[in-house]
file input.pdb (PDB, C-alpha atoms)
ATOM      1  CA  MET A   5       0.000   0.000   0.000
ATOM      2  CA  ASN A   6       1.499   3.344  -1.012
ATOM      3  CA  SER A   7       1.701   6.328   1.318
ATOM      4  CA  ALA A   8      -1.173   8.192  -0.319
ATOM      5  CA  THR A   9      -3.526   5.235   0.156
ATOM      6  CA  ALA A  10      -2.425   4.821   3.734
ATOM      7  CA  SER A  11      -3.018   8.494   4.455
ATOM      8  CA  SER A  12      -6.462   8.325   2.887
ATOM      9  CA  ALA A  13      -7.409   5.273   4.929
ATOM     10  CA  GLY A  14      -6.078   6.930   8.064
ATOM     11  CA  LEU A  15      -8.178  10.035   7.447
ATOM     12  CA  ILE A  16     -11.342   7.984   6.999
ATOM     13  CA  HIS A  17     -10.746   6.318  10.357
ATOM     14  CA  GLN A  18     -10.498   9.649  12.206
ATOM     15  CA  ARG A  19     -14.030   9.700  13.618
ATOM     16  CA  PRO A  20     -14.015  13.315  14.929
ATOM     17  CA  PHE A  21     -12.897  14.617  11.551
ATOM     18  CA  VAL A  22     -15.406  12.489   9.614
ATOM     19  CA  LEU A  23     -18.225  13.819  11.792
ATOM     20  CA  PHE A  24     -16.968  17.368  11.305
ATOM     21  CA  TRP A  25     -16.652  16.809   7.526
ATOM     22  CA  LEU A  26     -20.243  15.571   7.287
ATOM     23  CA  ALA A  27     -21.461  18.459   9.460
ATOM     24  CA  ARG A  28     -19.672  20.934   7.218
ATOM     25  CA  LEU A  29     -21.197  19.367   4.109
ATOM     26  CA  ALA A  30     -24.715  19.515   5.573
ATOM     27  CA  SER A  31     -24.426  23.065   6.921
ATOM     28  CA  THR A  32     -22.980  24.480   3.700
ATOM     29  CA  MET A  33     -25.679  22.791   1.626
ATOM     30  CA  GLY A  34     -28.319  24.339   3.865
ATOM     31  CA  TYR A  35     -26.612  27.733   3.838
ATOM     32  CA  GLN A  36     -26.377  27.822   0.042
ATOM     33  CA  MET A  37     -30.022  26.845  -0.372
ATOM     34  CA  LEU A  38     -31.126  29.411   2.202
ATOM     35  CA  THR A  39     -29.046  32.144   0.551
ATOM     36  CA  LEU A  40     -30.646  31.402  -2.821
ATOM     37  CA  THR A  41     -34.109  31.633  -1.259
ATOM     38  CA  ILE A  42     -33.331  34.943   0.436
ATOM     39  CA  GLY A  43     -31.957  36.513  -2.743
ATOM     40  CA  TRP A  44     -34.883  35.424  -4.893
ATOM     41  CA  GLN A  45     -37.491  36.457  -2.306
ATOM     42  CA  ILE A  46     -35.975  39.904  -1.779
ATOM     43  CA  TYR A  47     -36.009  40.616  -5.499
ATOM     44  CA  GLU A  48     -39.536  39.217  -5.844
ATOM     45  CA  ILE A  49     -40.791  41.457  -3.038
ATOM     46  CA  THR A  50     -38.891  44.696  -3.764
ATOM     47  CA  ASN A  51     -37.892  44.501  -7.456
ATOM     48  CA  SER A  52     -34.823  46.459  -6.369
ATOM     49  CA  ALA A  53     -31.238  45.658  -7.316
ATOM     50  CA  PHE A  54     -30.177  48.065  -4.566
ATOM     51  CA  ASP A  55     -31.851  45.877  -1.952
ATOM     52  CA  LEU A  56     -29.990  42.857  -3.332
ATOM     53  CA  GLY A  57     -26.773  44.799  -2.870
ATOM     54  CA  LEU A  58     -27.757  45.536   0.714
ATOM     55  CA  VAL A  59     -27.818  41.785   1.383
ATOM     56  CA  GLY A  60     -24.077  41.601   0.822
ATOM     57  CA  LEU A  61     -23.460  44.747   2.873
ATOM     58  CA  ILE A  62     -25.515  43.503   5.822
ATOM     59  CA  GLN A  63     -23.556  40.243   5.849
ATOM     60  CA  PHE A  64     -20.238  42.080   5.546
ATOM     61  CA  VAL A  65     -20.776  44.543   8.425
ATOM     62  CA  PRO A  66     -20.686  41.956  11.277
ATOM     63  CA  ALA A  67     -17.414  40.517   9.999
ATOM     64  CA  VAL A  68     -15.819  43.995  10.205
ATOM     65  CA  VAL A  69     -17.380  45.173  13.459
ATOM     66  CA  LEU A  70     -16.710  41.907  15.297
ATOM     67  CA  THR A  71     -13.196  41.337  13.928
ATOM     68  CA  LEU A  72     -11.381  41.639  17.269
ATOM     69  CA  LEU A  73     -13.951  39.581  19.123
ATOM     70  CA  ILE A  74     -14.039  36.777  16.543
ATOM     71  CA  GLY A  75     -10.395  35.755  16.773
ATOM     72  CA  HIS A  76     -10.348  36.132  20.545
ATOM     73  CA  THR A  77     -13.426  33.919  20.896
ATOM     74  CA  ALA A  78     -12.136  31.255  18.500
ATOM     75  CA  ASP A  79      -8.877  30.967  20.475
ATOM     76  CA  ARG A  80     -10.362  30.817  23.968
ATOM     77  CA  TYR A  81     -13.697  29.014  23.843
ATOM     78  CA  ASP A  82     -14.911  25.605  22.714
ATOM     79  CA  ARG A  83     -14.763  25.768  18.932
ATOM     80  CA  ARG A  84     -17.388  23.069  18.566
ATOM     81  CA  LEU A  85     -19.931  25.338  20.234
ATOM     82  CA  ILE A  86     -18.971  28.254  18.019
ATOM     83  CA  VAL A  87     -19.398  26.308  14.762
ATOM     84  CA  THR A  88     -22.736  24.752  15.727
ATOM     85  CA  HIS A  89     -25.371  26.047  13.352
ATOM     86  CA  CYS A  90     -28.225  26.834  15.737
ATOM     87  CA  VAL A  91     -28.313  30.433  14.488
ATOM     88  CA  TYR A  92     -28.620  29.275  10.877
ATOM     89  CA  ALA A  93     -31.481  27.019  11.939
ATOM     90  CA  LEU A  94     -33.142  29.987  13.662
ATOM     91  CA  ALA A  95     -32.943  32.075  10.473
ATOM     92  CA  ALA A  96     -34.299  29.188   8.388
ATOM     93  CA  ALA A  97     -37.155  28.705  10.869
ATOM     94  CA  MET A  98     -38.019  32.424  10.710
ATOM     95  CA  ILE A  99     -38.187  32.419   6.918
ATOM     96  CA  THR A 100     -40.087  29.112   6.700
ATOM     97  CA  THR A 101     -42.674  30.279   9.247
ATOM     98  CA  ALA A 102     -43.119  33.572   7.400
ATOM     99  CA  LEU A 103     -43.612  31.711   4.110
ATOM    100  CA  LEU A 104     -46.222  29.443   5.693
ATOM    101  CA  THR A 105     -48.114  32.374   7.196
ATOM    102  CA  GLU A 106     -47.602  34.574   4.115
ATOM    103  CA  THR A 107     -46.034  37.319   6.221
ATOM    104  CA  LEU A 108     -42.590  37.315   4.620
ATOM    105  CA  GLY A 109     -41.326  40.846   4.040
ATOM    106  CA  ARG A 110     -38.218  42.864   3.285
ATOM    107  CA  ASP A 111     -37.447  43.741   6.904
ATOM    108  CA  LEU A 112     -37.721  40.155   8.109
ATOM    109  CA  LEU A 113     -35.419  38.961   5.330
ATOM    110  CA  PHE A 114     -32.846  41.616   6.191
ATOM    111  CA  THR A 115     -33.058  40.587   9.847
ATOM    112  CA  ALA A 116     -32.414  36.972   8.866
ATOM    113  CA  VAL A 117     -29.467  38.070   6.711
ATOM    114  CA  PHE A 118     -27.960  40.014   9.621
ATOM    115  CA  ILE A 119     -28.335  37.015  11.948
ATOM    116  CA  ILE A 120     -26.687  34.753   9.376
ATOM    117  CA  GLY A 121     -23.906  37.301   8.843
ATOM    118  CA  CYS A 122     -23.096  37.401  12.562
ATOM    119  CA  ALA A 123     -23.070  33.612  12.799
ATOM    120  CA  ARG A 124     -20.928  33.216   9.686
ATOM    121  CA  ALA A 125     -18.426  35.803  10.912
ATOM    122  CA  PHE A 126     -17.677  33.550  13.895
ATOM    123  CA  GLU A 127     -18.082  30.224  12.118
ATOM    124  CA  MET A 128     -15.678  30.525   9.193
ATOM    125  CA  PRO A 129     -12.382  31.356  10.985
ATOM    126  CA  THR A 130     -13.253  28.983  13.827
ATOM    127  CA  ALA A 131     -13.949  26.087  11.453
ATOM    128  CA  HIS A 132     -10.650  26.761   9.638
ATOM    129  CA  ALA A 133      -8.840  26.525  12.970
ATOM    130  CA  LEU A 134     -10.779  23.497  14.226
ATOM    131  CA  ALA A 135     -10.309  21.160  11.249
ATOM    132  CA  PRO A 136      -6.524  20.577  11.643
ATOM    133  CA  THR A 137      -6.887  19.815  15.373
ATOM    134  CA  LEU A 138      -9.072  16.756  14.760
ATOM    135  CA  VAL A 139      -6.421  14.606  13.072
ATOM    136  CA  PRO A 140      -2.795  13.571  13.769
ATOM    137  CA  SER A 141      -0.075  15.838  12.387
ATOM    138  CA  PRO A 142       0.807  13.594   9.377
ATOM    139  CA  LEU A 143      -2.786  13.850   8.136
ATOM    140  CA  ILE A 144      -3.269  17.599   8.531
ATOM    141  CA  SER A 145      -2.636  18.488   4.878
ATOM    142  CA  ARG A 146      -5.070  15.831   3.690
ATOM    143  CA  ALA A 147      -7.623  16.925   6.288
ATOM    144  CA  VAL A 148      -7.478  20.519   5.036
ATOM    145  CA  ALA A 149      -7.892  19.306   1.445
ATOM    146  CA  ALA A 150     -10.847  17.096   2.418
ATOM    147  CA  TRP A 151     -12.450  19.930   4.395
ATOM    148  CA  THR A 152     -12.117  22.235   1.377
ATOM    149  CA  SER A 153     -13.543  19.594  -0.947
ATOM    150  CA  ALA A 154     -16.616  19.238   1.278
ATOM    151  CA  ASN A 155     -17.154  22.984   1.088
ATOM    152  CA  GLN A 156     -16.727  23.083  -2.698
ATOM    153  CA  THR A 157     -19.046  20.121  -3.217
ATOM    154  CA  ALA A 158     -21.766  21.810  -1.163
ATOM    155  CA  VAL A 159     -21.276  25.151  -2.936
ATOM    156  CA  ILE A 160     -21.777  23.393  -6.280
ATOM    157  CA  CYS A 161     -24.677  21.119  -5.310
ATOM    158  CA  GLY A 162     -26.468  23.385  -2.801
ATOM    159  CA  PRO A 163     -27.609  26.192  -5.130
ATOM    160  CA  ALA A 164     -28.483  23.798  -7.967
ATOM    161  CA  LEU A 165     -30.582  21.633  -5.643
ATOM    162  CA  GLY A 166     -32.067  24.726  -4.020
ATOM    163  CA  GLY A 167     -33.213  26.119  -7.359
ATOM    164  CA  LEU A 168     -34.913  22.861  -8.293
ATOM    165  CA  VAL A 169     -36.660  22.560  -4.918
ATOM    166  CA  TYR A 170     -37.681  26.238  -4.903
ATOM    167  CA  ALA A 171     -39.390  25.758  -8.263
ATOM    168  CA  ILE A 172     -41.525  23.074  -6.573
ATOM    169  CA  SER A 173     -42.221  24.872  -3.292
ATOM    170  CA  PRO A 174     -40.472  27.717  -1.417
ATOM    171  CA  VAL A 175     -41.709  26.255   1.887
ATOM    172  CA  LEU A 176     -40.170  22.878   1.058
ATOM    173  CA  ILE A 177     -36.732  24.428   0.627
ATOM    174  CA  GLY A 178     -37.042  25.976   4.096
ATOM    175  CA  VAL A 179     -37.909  22.598   5.600
ATOM    176  CA  ILE A 180     -34.954  20.957   3.851
ATOM    177  CA  CYS A 181     -32.629  23.683   5.165
ATOM    178  CA  LEU A 182     -33.865  23.001   8.693
ATOM    179  CA  VAL A 183     -33.149  19.299   8.222
ATOM    180  CA  PHE A 184     -29.620  20.039   6.997
ATOM    181  CA  PHE A 185     -28.910  22.361   9.932
ATOM    182  CA  ALA A 186     -30.362  19.884  12.436
ATOM    183  CA  CYS A 187     -28.094  17.142  11.048
ATOM    184  CA  SER A 188     -25.111  19.483  11.247
ATOM    185  CA  ILE A 189     -25.851  20.447  14.869
ATOM    186  CA  THR A 190     -26.188  16.788  15.846
ATOM    187  CA  LEU A 191     -22.928  15.791  14.157
ATOM    188  CA  ILE A 192     -20.978  18.692  15.683
ATOM    189  CA  THR A 193     -22.129  17.780  19.194
ATOM    190  CA  LEU A 194     -20.685  14.289  18.666
ATOM    191  CA  VAL A 195     -17.222  15.612  17.774
ATOM    192  CA  ARG A 196     -14.617  15.108  20.473
ATOM    193  CA  ALA A 197     -11.295  16.940  20.272
ATOM    194  CA  ARG A 198      -8.030  15.009  20.372
ATOM    195  CA  GLY A 199      -6.316  15.151  23.769
ATOM    196  CA  PRO A 200      -7.026  17.445  26.718
ATOM    197  CA  ALA A 201      -7.868  21.085  26.166
ATOM    198  CA  PRO A 202      -4.790  23.345  26.424
ATOM    199  CA  PRO A 203      -4.629  25.838  29.313
ATOM    200  CA  ARG A 204      -5.804  29.320  28.414
ATOM    201  CA  ASP A 205      -4.495  32.614  29.733
ATOM    202  CA  PRO A 206      -6.916  35.179  31.175
ATOM    203  CA  PRO A 207      -8.284  37.499  28.463
ATOM    204  CA  THR A 208      -6.471  40.815  28.111
ATOM    205  CA  PHE A 209      -6.577  43.699  25.664
ATOM    206  CA  ALA A 210      -3.126  42.699  24.408
ATOM    207  CA  SER A 211      -4.361  39.198  23.580
ATOM    208  CA  VAL A 212      -7.241  40.687  21.614
ATOM    209  CA  LEU A 213      -4.763  42.645  19.470
ATOM    210  CA  ALA A 214      -2.330  39.720  19.117
ATOM    211  CA  GLY A 215      -3.689  38.827  15.681
ATOM    212  CA  PHE A 216      -2.900  42.298  14.315
ATOM    213  CA  HIS A 217       0.654  42.138  15.634
ATOM    214  CA  TYR A 218       1.141  38.686  14.123
ATOM    215  CA  ILE A 219      -0.062  39.747  10.659
ATOM    216  CA  ARG A 220       1.855  43.036  10.714
ATOM    217  CA  SER A 221       5.094  41.176  11.432
ATOM    218  CA  ARG A 222       4.611  38.986   8.346
ATOM    219  CA  HIS A 223       4.482  41.198   5.272
ATOM    220  CA  ARG A 224       3.833  38.370   2.837
ATOM    221  CA  LEU A 225       0.746  37.251   4.752
ATOM    222  CA  LEU A 226      -0.444  40.860   4.988
ATOM    223  CA  GLY A 227      -0.137  41.172   1.208
ATOM    224  CA  VAL A 228      -2.206  38.053   0.612
ATOM    225  CA  ILE A 229      -4.928  39.214   3.012
ATOM    226  CA  THR A 230      -5.039  42.626   1.308
ATOM    227  CA  LEU A 231      -5.328  40.988  -2.108
ATOM    228  CA  ASP A 232      -8.130  38.779  -0.828
ATOM    229  CA  LEU A 233      -9.946  41.813   0.608
ATOM    230  CA  PHE A 234     -10.236  43.497  -2.791
ATOM    231  CA  VAL A 235     -11.172  40.251  -4.543
ATOM    232  CA  VAL A 236     -13.995  39.580  -2.087
ATOM    233  CA  ILE A 237     -15.301  43.154  -2.344
ATOM    234  CA  LEU A 238     -15.434  42.978  -6.146
ATOM    235  CA  GLY A 239     -16.773  39.415  -6.024
ATOM    236  CA  GLY A 240     -19.941  40.617  -4.274
ATOM    237  CA  ALA A 241     -21.544  41.205  -7.668
ATOM    238  CA  THR A 242     -22.901  37.652  -7.451
ATOM    239  CA  ALA A 243     -25.578  39.047  -5.135
ATOM    240  CA  LEU A 244     -27.191  40.547  -8.262
ATOM    241  CA  LEU A 245     -27.663  37.167  -9.956
ATOM    242  CA  PRO A 246     -31.459  37.146  -9.272
ATOM    243  CA  VAL A 247     -31.709  40.152 -11.612
ATOM    244  CA  TYR A 248     -30.039  38.198 -14.414
ATOM    245  CA  ALA A 249     -31.975  35.002 -13.698
ATOM    246  CA  ARG A 250     -35.416  36.650 -13.687
ATOM    247  CA  ASP A 251     -35.268  39.741 -15.911
ATOM    248  CA  ILE A 252     -32.437  39.144 -18.375
ATOM    249  CA  LEU A 253     -32.162  35.393 -18.923
ATOM    250  CA  ALA A 254     -35.713  34.530 -17.790
ATOM    251  CA  VAL A 255     -34.577  31.186 -16.350
ATOM    252  CA  GLY A 256     -36.313  31.407 -12.972
ATOM    253  CA  PRO A 257     -35.043  29.982  -9.678
ATOM    254  CA  VAL A 258     -33.707  26.848 -11.392
ATOM    255  CA  GLY A 259     -31.451  28.991 -13.570
ATOM    256  CA  LEU A 260     -30.466  31.081 -10.550
ATOM    257  CA  GLY A 261     -29.284  27.923  -8.800
ATOM    258  CA  LEU A 262     -27.146  26.988 -11.786
ATOM    259  CA  LEU A 263     -25.726  30.518 -11.996
ATOM    260  CA  ARG A 264     -24.743  30.430  -8.327
ATOM    261  CA  SER A 265     -23.124  27.016  -8.808
ATOM    262  CA  ALA A 266     -21.082  28.087 -11.840
ATOM    263  CA  PRO A 267     -18.275  29.954  -9.973
ATOM    264  CA  ALA A 268     -17.751  26.934  -7.718
ATOM    265  CA  VAL A 269     -17.494  24.661 -10.759
ATOM    266  CA  GLY A 270     -14.791  26.954 -12.096
ATOM    267  CA  ALA A 271     -13.046  26.877  -8.720
ATOM    268  CA  LEU A 272     -13.198  23.078  -8.696
ATOM    269  CA  ILE A 273     -11.468  22.971 -12.071
ATOM    270  CA  THR A 274      -8.911  25.452 -10.750
ATOM    271  CA  SER A 275      -8.266  23.376  -7.628
ATOM    272  CA  ILE A 276      -7.646  20.308  -9.791
ATOM    273  CA  VAL A 277      -5.071  22.266 -11.766
ATOM    274  CA  MET A 278      -3.489  23.640  -8.592
ATOM    275  CA  ALA A 279      -3.407  20.167  -7.024
ATOM    276  CA  GLY A 280      -0.962  19.142  -9.727
ATOM    277  CA  THR A 281       1.517  21.815  -8.684
ATOM    278  CA  ARG A 282       3.693  22.012  -5.600
ATOM    279  CA  SER A 283       2.140  24.008  -2.791
ATOM    280  CA  SER A 284       5.363  25.994  -2.428
ATOM    281  CA  GLY A 285       5.139  26.989  -6.079
ATOM    282  CA  ILE A 286       1.905  28.939  -5.668
ATOM    283  CA  SER A 287       3.026  32.537  -5.645
ATOM    284  CA  ALA A 288       1.033  35.665  -4.954
ATOM    285  CA  ALA A 289       1.411  36.697  -8.599
ATOM    286  CA  LYS A 290      -0.042  33.408  -9.775
ATOM    287  CA  CYS A 291      -2.959  33.756  -7.376
ATOM    288  CA  SER A 292      -3.458  37.307  -8.637
ATOM    289  CA  ARG A 293      -3.659  36.182 -12.259
ATOM    290  CA  TRP A 294      -6.166  33.504 -11.413
ATOM    291  CA  SER A 295      -8.175  35.953  -9.288
ATOM    292  CA  GLU A 296      -8.722  38.128 -12.351
ATOM    293  CA  SER A 297     -10.520  35.257 -14.087
ATOM    294  CA  SER A 298     -14.220  34.438 -13.907
ATOM    295  CA  VAL A 299     -13.645  32.254 -10.853
ATOM    296  CA  SER A 300     -11.799  34.887  -8.862
ATOM    297  CA  ARG A 301     -13.857  34.750  -5.709
ATOM    298  CA  ARG A 302     -13.795  30.985  -5.357
ATOM    299  CA  LEU A 303     -10.096  30.731  -6.129
ATOM    300  CA  SER A 304      -9.478  33.389  -3.502
ATOM    301  CA  SER A 305     -11.231  31.094  -1.037
ATOM    302  CA  GLU A 306      -8.835  28.316  -2.004
ATOM    303  CA  CYS A 307      -5.832  30.608  -1.443
ATOM    304  CA  ARG A 308      -7.238  31.697   1.930
ATOM    305  CA  THR A 309      -7.565  28.098   3.043
ATOM    306  CA  ARG A 310      -3.984  27.276   2.070
ATOM    307  CA  PHE A 311      -2.524  30.335   3.781
ATOM    308  CA  ARG A 312      -4.628  29.875   6.918
ATOM    309  CA  PHE A 313      -3.380  26.311   7.136
ATOM    310  CA  ARG A 314       0.247  27.465   6.762
ATOM    311  CA  CYS A 315      -0.347  30.198   9.327
ATOM    312  CA  TRP A 316      -1.797  27.660  11.774
ATOM    313  CA  ARG A 317       1.154  25.316  11.234
ATOM    314  CA  SER A 318       3.718  28.090  11.709
ATOM    315  CA  ARG A 319       2.074  29.281  14.910
ATOM    316  CA  SER A 320       1.749  25.763  16.309
ATOM    317  CA  LEU A 321       5.443  25.153  15.667
ATOM    318  CA  ALA A 322       6.792  28.547  16.680
ATOM    319  CA  LEU A 323       4.638  29.508  19.654
ATOM    320  CA  PRO A 324       4.178  27.703  22.973
ATOM    321  CA  THR A 325       0.817  26.096  23.669
ATOM    322  CA  ARG A 326      -1.515  28.430  25.439
TER     323      ARG A 326
END

call {"tool": "encode", "arguments": {"input": "input.pdb", "output": "structure tokens"}}
result
Amino acid sequence: MNSATASSAGLIHQRPFVLFWLARLASTMGYQMLTLTIGWQIYEITNSAFDLGLVGLIQFVPAVVLTLLIGHTADRYDRRLIVTHCVYALAAAMITTALLTETLGRDLLFTAVFIIGCARAFEMPTAHALAPTLVPSPLISRAVAAWTSANQTAVICGPALGGLVYAISPVLIGVICLVFFACSITLITLVRARGPAPPRDPPTFASVLAGFHYIRSRHRLLGVITLDLFVVILGGATALLPVYARDILAVGPVGLGLLRSAPAVGALITSIVMAGTRSSGISAAKCSRWSESSVSRRLSSECRTRFRFRCWRSRSLALPTR
């Protein structure tokens, strides 16, 4: 048996990671379907492209306002509790109930978007940090790749499935989202971290700012984060896809699902190409060229995952356990 096969078999037998992988797949599927529903409903109710743009802004604001708190929380509290998707389930329940009672409106949708934005601001960096801690050190690189593949699979399948289900019944898609989130919550609660929890220092203002000092001392990492910032800002145009699906292409929610899946398909092709190259050979310039393509936002997500993994490895090797 070659080393690659052995590593793959070893990863499959890591029960905490498998549970986390399945939870991630279920939660991302539900999130993508819920996002499609919110976008289509807002445009159906308001007929305003500006309101669609506000969806992205409302989700972006919590990530900026809570920046200091997010990293501090992810480092000092149980990450399993942070990445549980109870808040997503709450938003899905709100929207499903409003659809059943025919009381769904613009303000309620924006409230749900804000709730989801706050939850996602905490979930994403915490999940990135949690995944490598669930497997032995020799399997970390494969665990990160598997975690990313689960995300990409859900980003491709979630919107496409959501569009098909929405065409049948908007209420049904809400129920399916609740099922996905319930499965994710159950799986996350079954995850058990490897080894005892490390001791944690009392919270201080200096510890809250530690992330800024770490990034500022590493100019290459700062450059990558800055590049990613501009790519994500410009990539927010995907929020306007309901306009194209309904008014320009006239393909309905099914077409909207396919449009939302298309960037992830491009990113999947890109990841296959990148998988054939050495990780050390991926330069910022190469990432920049790819980011200017039609799959810029998804490729940026791939670059973020790789650099976060390297950052986690460097910190775990260079800094004492806290």

call {"tool": "residues_around", "arguments": {"input": "input.pdb", "residues": "range 112-125 of chain A", "least_positions_apart": "5", "cutoff": "7 Å", "atoms": "only C-alpha atoms", "output": "list in words"}}
result
Ile42, Val59, Ile62, Gln63, Phe64, Pro66, Ala67, Val91, Tyr92 and Ala95 of chain A

call {"tool": "closest_residue", "arguments": {"input": "input.pdb", "among": "A:Val65, A:Leu73, A:Leu244, A:Val195", "to": "Val139 in chain A", "atoms": "only C-alpha atoms"}}
result
A:Val195

call {"tool": "residues_around", "arguments": {"input": "input.pdb", "residues": "Leu56 in chain A", "least_positions_apart": "6", "cutoff": "12 Å", "atoms": "only C-alpha atoms", "output": "ChimeraX atom specification"}}
result
/A:39-40,42-50,62-63,110,113-114,117,240-247

call {"tool": "atom_distance", "arguments": {"input": "input.pdb", "atom1": "CA of Val159 in chain A", "atom2": "CA of Gly60 in chain A"}}
result
17.1 Å

call {"tool": "closest_residue", "arguments": {"input": "input.pdb", "among": "A:Leu29, A:Ile219, A:Ala93, A:Leu165", "to": "Thr152 in chain A", "atoms": "all atoms listed in the file"}}
result
A:Leu29

call {"tool": "closest_residue", "arguments": {"input": "input.pdb", "among": "A:Leu108, A:Ala147, A:Leu182, A:Ala171", "to": "Ala135 in chain A", "atoms": "only C-alpha atoms"}}
result
A:Ala147

call {"tool": "axis_aligned_box", "arguments": {"input": "input.pdb", "around": "range 175-189 of chain A", "padding_each_side": "3 Å", "output": "AutoDock Vina command-line options"}}
result
--center_x -33.4 --center_y 21.7 --center_z 7.7 --size_x 22.6 --size_y 15.1 --size_z 20.2

call {"tool": "atom_distance", "arguments": {"input": "input.pdb", "atom1": "CA of Leu226 in chain A", "atom2": "CA of Trp151 in chain A"}}
result
24.1 Å

call {"tool": "atom_distance", "arguments": {"input": "input.pdb", "atom1": "CA of Leu260 in chain A", "atom2": "CA of Thr41 in chain A"}}
result
10.0 Å
